[in-house]
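Chemist: Structure in structure tokens, see below.
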Amino acid sequence: MKLTGAEIILESLKKLGVKYIFGYPGGVILNIFDLLHDDKDLKLILTRHEQGAVHAADGYARATGKPGVVLVTSGPGATNTVTGIANASMDSIPVVVLTGQVPTVLIGNDAFQEADIVGITRPCTKYNILAKDVKELAAQLKELFHVAVTGRPGPVLMDLPKDVTSSKADFVWPDKVEMRSYNPTYEGNKWMIEKAAHEIAKAKKPVIIAGGGCILSEASHELREFAEHTNIPVTMTLMGLGAFPGTHMLSLGMLGMHGTYFANKSVQESDLLIAIGMRFDDRVTGKIDGFAPNARIIHIDIDPTSIRKNVRVDIPIVGDVKNVLTVLNKVLQKDIKEPWDEIRKAWLNCIAVWKKERPLTYTYSKEVIKPQFVVEKIYEITKGDAIITTEVGQNQMWTAQFYKFDKPRRLLTSGGLGTMGFGLPAAIGAQLAFPDKLVIDIAGDGSIQMNIQELATAVIYKLPVKVAILKNRYLGMVRQWQELFYKERYSHTNLDVTPDFVELAHAYGAVGLRASKPEEVEPVLKEAFRIKKPVFMDFVVDWKEKVYPMVPAGATLDTMLFDEEKKPERKLKAVK
């Protein structure tokens with residue numbers, strides 16, 4: 001029996017193991033939504049905005065490792081997905097976006113709700129396509145999913161004209177995907193791996209930099225085995241947090257602009273960097289000319305275009321992180337017999353001194369809530385056993401600094417694009433994937449308002465996400481830059497009108513709680529975590545608080561600003 005294009009799409013999604021679709025209906029896509037009305041195997045999660053749908057699918061993908069799926073209509077429905085697609089692209093997250101389109105004969109005529117979404121998203125998708133023939137739909141969908149999850153993962157898009165989804169054809173499911181021009185390299189060059197092993201053996205001051213690729217490749221076990229066997233300290237990028245246990249004695253925490261003093265110092269003093277599944281983003285390297293000046297660099301990544309893109313590399317290894325580390329570990333354990341503990345002793349002792357010199361800290365207050373204190377309390381109560389999403393800005397950096405992530409896929413945050421409004425819909429996606437897990441969005445009062453409408457989605461689908469709002473009544477990170485570098489001219493960063501988040505939560509049918517004093521923080525958190533409903537927690541925090549340490553833009557990693565609060569003049573001191 002022949003099926004319509006809409007039926008072929010849904011049958012294909014089932015074959016591909018899809019359970020949830022995040023979306024928003026519209027005219028040209030109604031035939032697919034009509035079928036979803038009675039479908040028992042696919043559940044459509046109706047978000048309140050298409051950007052929220054993509055972020056929710058993104059959060060689902062980050063939490064599970066499986067692709068998130070989005071279904072929206074044409075025109076503004078499609079264009080509203082662009083920020084979410086670009087966000088997923090920057091962080092290498094597999095999201096499959098299906099957009100409606102006007103009938104084929106109207107394309108190019110400026111028809112109602114027509115937009116060239118294939119052209120618009122070409123720079124921020126890994127692969128996109130305009131469907132033209134109903135007979136090819138099943139094969140094209142299988143190709144889309146294949147491209148999204150293999151190699152370096154990323155978002156893909158298929159544009160679906162109304163006549164293609166309403167036409168009929170036989171449903172033929174292909175046995176395999178064959179794409180001549182797409183063949184990612186999974187196995188690293190063995191000669192280069194052996195060369196890297198010998199370089200590691202002779203290094204006196206090595207450092208491992210673990211990026212998001214370690215998590216995407218499911219390589220946390222292999223990374224830990226590598227670090228522990230060779231006794232090499234590990235620092236992580238923002239996207240790599242959780243790839244290596246944050247509480248491990250070899251962990252240096254996050255490096256970069258708001259990284260730890262000892263992580264940045266170790267990188268700058270190292271003689272060998274082993275960069276794994278990361279792309280040397282500018283927030284990690286600081287001034288390129290002064291980055292790790294004495295270090296040789298081994299770079300392992302599945303994406304050949306990421307190697308030597310930003311920094312010089314001495315030993316490039318293209319391949320899947322998990323596969324490369326598996327081979328590297330065997331070489332190090334079998335062929336190279338070194339007294340690793342003795343070799344690394346002086347280096348680790350030096351790092352231990354730096355840790356004591358400049359630990360991550362802040363000044364506690366009995367009068368006003370410090371935002372770092374809230375994050376510490378969340379960690380203390382959850383014991384690290386929660387899925388944490390964040391918005392973007394100071395809330396994100398304090399989370400990266402003061403919440404210790406010991407497992408992968410526990411921090412879901414917008415790294416490359418830095419998208420305000422990401423955290424709440426991402427938490428919804430994660431909560432759907434893990435209904436019994438505690439999912440917490442650590443937010444700022446600026447970011448949370450970007451996609452605050454998705455609280456309705458959490459309420460409707462009974463998803464008990466918790467949102468901890470660090471309310472300082474400012475766009476905090478921008479204000480921090482204005483204070484440090486723009487003579488305290490707070491141009492348009494003061495949020496003069498801030499909602500009553502407690503009442504707003506009640507208006508949506510959720511629960512609202514507030515803490516205005518430090519002693520109220522723990523009771524509010526415990527009450528929120530006990531309630532089996534969505535909860536907004538309004539923490540009124542010190543508006544003057546800034547994120548430290550900080551590497552100024554254009555400076556090297558060893559030029560860091562610290563808040564010398566104990567000095568009466570409260571001057572900032574650059575430590576070189």
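Starting from 1 in every chain, residues are counted up; chains themselves are A, B, ... following the order of the structure tokens, and ligands are numbered from 1 as listed.
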For range 421-524 of chain A against range 367-378 of chain A, with a cut-off of 7 Å and counting only C-alpha atoms, what is the closest atom pair and its distance in Å to one decimal for every residue that makes the cut, ordered by chain and number, as a tab-separated table?
Modeler:
residue	atom	partner	partner_atom	distance
A:Leu470	CA	A:Pro371	CA	6.3
A:Ser516	CA	A:Ile369	CA	7.0
A:Lys517	CA	A:Ile369	CA	5.8
A:Pro518	CA	A:Ile369	CA	4.9
A:Val521	CA	A:Val374	CA	6.7
A:Glu522	CA	A:Lys377	CA	6.6
Chemist: Report as a ChimeraX atom specification all protein, DNA and RNA residues lying within 12 Å of Ala148 in chain A, evaluated on only C-alpha atoms, omitting residues in the same chain fewer than 6 positions from it.
Modeler: /A:61,65-69,88-89,92-97,125-128,141-142,154-158,182,184
Chemist: Between CA of Thr498 in chain A and CA of Glu391 in chain A, what is the distance, to one decimal in Å?
Modeler: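 Taking CA of Thr498 in chain A and CA of Glu391 in chain A, their separation equals 16.8 Å.
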Chemist: Can you list, as a list in words, every residue of range 298-409 of chain A that DSSP puts in strand (DSSP E or B)?
Modeler: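 Selecting the strand (DSSP E or B) positions of range 298-409 of chain A gives Ile298, His299, Ile300, Asp301, Ile315, Pro316, Ile317, Val318, Ile369, Ile387, Ile388, Thr389 and Thr390 of chain A.
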Chemist: Export, as a JSON list (two decimals), in the first residue's frame, the selected residues with C-alpha atoms.
Modeler:
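Resulting contents of selection_32.json:
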[["chain", "number", "residue", "atom", "x", "y", "z"],
["A", 298, "ILE", "CA", 49.42, 16.76, 20.48],
["A", 299, "HIS", "CA", 45.93, 17.31, 19.09],
["A", 300, "ILE", "CA", 43.37, 14.48, 18.83],
["A", 301, "ASP", "CA", 40.08, 15.25, 17.07],
["A", 315, "ILE", "CA", 51.48, 15.84, 16.39],
["A", 316, "PRO", "CA", 48.01, 15.84, 14.76],
["A", 317, "ILE", "CA", 45.88, 12.72, 15.16],
["A", 318, "VAL", "CA", 42.60, 12.62, 13.24],
["A", 369, "ILE", "CA", 23.41, 36.19, 49.20],
["A", 387, "ILE", "CA", 21.66, 17.21, 35.55],
["A", 388, "ILE", "CA", 22.55, 20.88, 35.47],
["A", 389, "THR", "CA", 21.63, 23.20, 32.62],
["A", 390, "THR", "CA", 22.60, 26.86, 32.58]]
Chemist: Calculated over only C-alpha atoms, which of the candidates A:Ala56, A:Ala169, A:Leu273, A:Val18 has the smallest distance to Glu454 in chain A?
Modeler: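 For Glu454 in chain A, the nearest of the given residues is A:Ala56.
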Chemist: Sorted by chain and rising residue number, list the residues of range 438-462 of chain A at most 10 Å from range 405-411 of chain A (counting only C-alpha atoms), each with its closest atom pair and distance in Å to one decimal, as a tab-separated table.
Modeler:
residue	atom	partner	partner_atom	distance
A:Val439	CA	A:Arg410	CA	9.2
A:Ile440	CA	A:Leu411	CA	9.9
A:Asp441	CA	A:Leu411	CA	9.9
Chemist: What's around range 343-354 of chain A at 7 Å? Count only C-alpha atoms, leave out sequence neighbours fewer than 5 positions away in its own chain, and write the answer as a list in words.
Modeler: Lys204, Lys205, Asn231, Phe262 and Ser266 of chain A
Chemist: I need the residues of range 211-457 of chain A that end up classed as helix (DSSP H, G or I) by DSSP on the backbone, written out as a PyMOL selection string.
Modeler: chain A and resi 212-216+220-230+261-269+282-285+288-290+304-306+321-334+340-357+371-382+394-402+423-433+447-450+452-457
Chemist: What lies within 12 Å of Ala275 in chain A using only C-alpha atoms, ignoring chain neighbours under 4 positions off, as number ranges by chain?
Modeler: A: 196, 206-214, 223, 234-237, 240, 267, 279-281, 284-285, 295-301, 306-308, 311-318, 321, 325
Chemist: With N, CA and C atoms kept, could you save the residues just selected as a compact mmCIF listing (two decimals), in the first residue's frame?
Modeler:
# COMPACT_ATOMS: atom_id res chain seq x y z
N ALA A 196 53.15 10.06 19.51
CA ALA A 196 52.58 10.79 20.65
C ALA A 196 52.92 10.11 21.96
N PRO A 206 53.67 17.77 31.47
CA PRO A 206 52.54 17.65 30.54
C PRO A 206 51.20 18.03 31.16
N VAL A 207 50.26 18.43 30.32
CA VAL A 207 48.89 18.73 30.75
C VAL A 207 47.94 18.19 29.68
N ILE A 208 46.87 17.54 30.12
CA ILE A 208 45.80 17.10 29.22
C ILE A 208 44.72 18.17 29.22
N ILE A 209 44.27 18.57 28.02
CA ILE A 209 43.10 19.45 27.89
C ILE A 209 41.98 18.62 27.28
N ALA A 210 40.94 18.38 28.07
CA ALA A 210 39.82 17.55 27.60
C ALA A 210 38.66 18.45 27.19
N GLY A 211 38.17 18.25 25.98
CA GLY A 211 37.07 19.06 25.46
C GLY A 211 35.79 18.27 25.32
N GLY A 212 34.79 18.90 24.73
CA GLY A 212 33.49 18.27 24.57
C GLY A 212 33.51 17.01 23.74
N GLY A 213 34.52 16.86 22.86
CA GLY A 213 34.63 15.65 22.05
C GLY A 213 34.82 14.40 22.88
N CYS A 214 35.40 14.54 24.08
CA CYS A 214 35.56 13.38 24.96
C CYS A 214 34.20 12.86 25.43
N LEU A 223 39.73 8.27 28.89
CA LEU A 223 40.45 9.47 29.32
C LEU A 223 40.98 9.31 30.74
N VAL A 234 44.70 17.01 34.45
CA VAL A 234 43.70 17.22 33.41
C VAL A 234 42.95 18.53 33.66
N THR A 235 42.94 19.41 32.68
CA THR A 235 42.06 20.56 32.70
C THR A 235 41.03 20.39 31.61
N MET A 236 39.88 21.03 31.78
CA MET A 236 38.77 20.84 30.85
C MET A 236 38.26 22.17 30.31
N THR A 237 37.80 22.14 29.08
CA THR A 237 37.08 23.28 28.53
C THR A 237 35.68 23.30 29.16
N GLY A 240 33.88 20.41 28.10
CA GLY A 240 34.48 19.15 28.54
C GLY A 240 34.26 18.84 30.00
N VAL A 267 49.03 25.24 32.11
CA VAL A 267 49.09 25.25 30.64
C VAL A 267 50.23 26.13 30.17
N ARG A 279 38.79 22.43 20.37
CA ARG A 279 39.13 23.15 19.15
C ARG A 279 39.94 24.42 19.40
N PHE A 280 40.48 24.59 20.60
CA PHE A 280 41.29 25.77 20.93
C PHE A 280 40.52 27.06 20.66
N ASP A 281 39.33 27.14 21.25
CA ASP A 281 38.51 28.35 21.18
C ASP A 281 39.26 29.52 21.82
N VAL A 284 39.50 29.81 25.49
CA VAL A 284 40.42 28.86 26.12
C VAL A 284 41.86 29.32 26.00
N THR A 285 42.23 29.86 24.86
CA THR A 285 43.66 30.15 24.60
C THR A 285 44.10 31.52 25.07
N ALA A 295 55.38 24.73 25.05
CA ALA A 295 54.79 23.39 24.92
C ALA A 295 54.75 22.90 23.48
N ARG A 296 55.08 21.63 23.32
CA ARG A 296 54.71 20.93 22.11
C ARG A 296 53.26 20.49 22.26
N ILE A 297 52.56 20.34 21.14
CA ILE A 297 51.13 20.07 21.22
C ILE A 297 50.75 18.82 20.42
N ILE A 298 50.07 17.90 21.11
CA ILE A 298 49.42 16.76 20.48
C ILE A 298 47.94 17.08 20.41
N HIS A 299 47.34 16.97 19.24
CA HIS A 299 45.93 17.31 19.09
C HIS A 299 45.17 16.12 18.50
N ILE A 300 44.19 15.61 19.26
CA ILE A 300 43.37 14.48 18.83
C ILE A 300 41.95 14.99 18.59
N ASP A 301 41.44 14.81 17.37
CA ASP A 301 40.08 15.25 17.07
C ASP A 301 39.57 14.53 15.83
N SER A 306 39.50 21.09 12.43
CA SER A 306 39.74 21.73 13.73
C SER A 306 41.22 21.71 14.12
N ILE A 307 41.98 20.83 13.48
CA ILE A 307 43.40 20.70 13.82
C ILE A 307 44.21 21.72 13.03
N ARG A 308 45.05 22.45 13.76
CA ARG A 308 45.87 23.54 13.22
C ARG A 308 45.03 24.74 12.77
N VAL A 311 45.77 27.04 16.54
CA VAL A 311 47.12 27.00 17.12
C VAL A 311 47.99 26.03 16.33
N ARG A 312 49.28 26.21 16.45
CA ARG A 312 50.22 25.28 15.83
C ARG A 312 50.11 23.93 16.53
N VAL A 313 50.29 22.85 15.80
CA VAL A 313 50.21 21.50 16.37
C VAL A 313 51.40 20.70 15.89
N ASP A 314 52.06 20.01 16.81
CA ASP A 314 53.24 19.22 16.45
C ASP A 314 52.89 17.79 16.04
N ILE A 315 51.89 17.21 16.71
CA ILE A 315 51.48 15.84 16.39
C ILE A 315 49.96 15.81 16.22
N PRO A 316 49.46 15.91 14.99
CA PRO A 316 48.01 15.84 14.76
C PRO A 316 47.55 14.40 14.63
N ILE A 317 46.46 14.07 15.28
CA ILE A 317 45.88 12.72 15.16
C ILE A 317 44.40 12.87 14.86
N VAL A 318 44.00 12.54 13.63
CA VAL A 318 42.60 12.62 13.24
C VAL A 318 41.94 11.27 13.49
N VAL A 321 37.87 10.06 19.30
CA VAL A 321 38.61 10.18 20.56
C VAL A 321 38.66 8.86 21.31
N LEU A 325 42.23 7.01 21.97
CA LEU A 325 42.69 6.81 23.35
C LEU A 325 42.85 5.34 23.69
Chemist: What separation in Å, quoted to one decimal, exists between CA of Phe536 in chain A and CA of Ala510 in chain A?
Modeler: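 Straight-line distance from CA of Phe536 in chain A to CA of Ala510 in chain A works out to 7.5 Å.
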Chemist: Do a neighbour search on Asp163 in chain A at 7 Å with only C-alpha atoms, toss out local chain neighbours closer than 4 positions, and write the hits as a PyMOL selection string.
Modeler: chain A and resi 103-104+167
Chemist: Write a file of the selected residues as an mmCIF file, in the first residue's frame, keeping all heavy atoms.
Modeler:
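Result saved to selection.cif:
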data_model
loop_
_atom_site.group_PDB
_atom_site.id
_atom_site.type_symbol
_atom_site.label_atom_id
_atom_site.label_comp_id
_atom_site.auth_asym_id
_atom_site.auth_seq_id
_atom_site.Cartn_x
_atom_site.Cartn_y
_atom_site.Cartn_z
ATOM 1 N N PRO A 103 4.255 24.661 -1.303
ATOM 2 C CA PRO A 103 4.344 23.688 -2.404
ATOM 3 C C PRO A 103 5.458 24.046 -3.385
ATOM 4 O O PRO A 103 5.788 25.222 -3.591
ATOM 5 C CB PRO A 103 2.969 23.777 -3.062
ATOM 6 C CG PRO A 103 2.067 24.220 -1.964
ATOM 7 C CD PRO A 103 2.884 25.155 -1.118
ATOM 8 N N THR A 104 6.020 23.033 -3.992
ATOM 9 C CA THR A 104 7.171 23.186 -4.892
ATOM 10 C C THR A 104 6.944 24.250 -5.965
ATOM 11 O O THR A 104 7.838 25.046 -6.268
ATOM 12 C CB THR A 104 7.486 21.839 -5.567
ATOM 13 O OG1 THR A 104 7.652 20.834 -4.558
ATOM 14 C CG2 THR A 104 8.764 21.934 -6.370
ATOM 15 N N SER A 167 1.954 13.872 -1.393
ATOM 16 C CA SER A 167 2.022 12.880 -2.480
ATOM 17 C C SER A 167 2.198 11.481 -1.899
ATOM 18 O O SER A 167 2.551 11.314 -0.723
ATOM 19 C CB SER A 167 3.191 13.202 -3.414
ATOM 20 O OG SER A 167 3.038 14.474 -3.993
#
Chemist: Could you please determine the separation between CA of Gly100 in chain A and CA of Asp159 in chain A in Å, to one decimal place?
Modeler: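 Distance between the two atoms: 5.9 Å.
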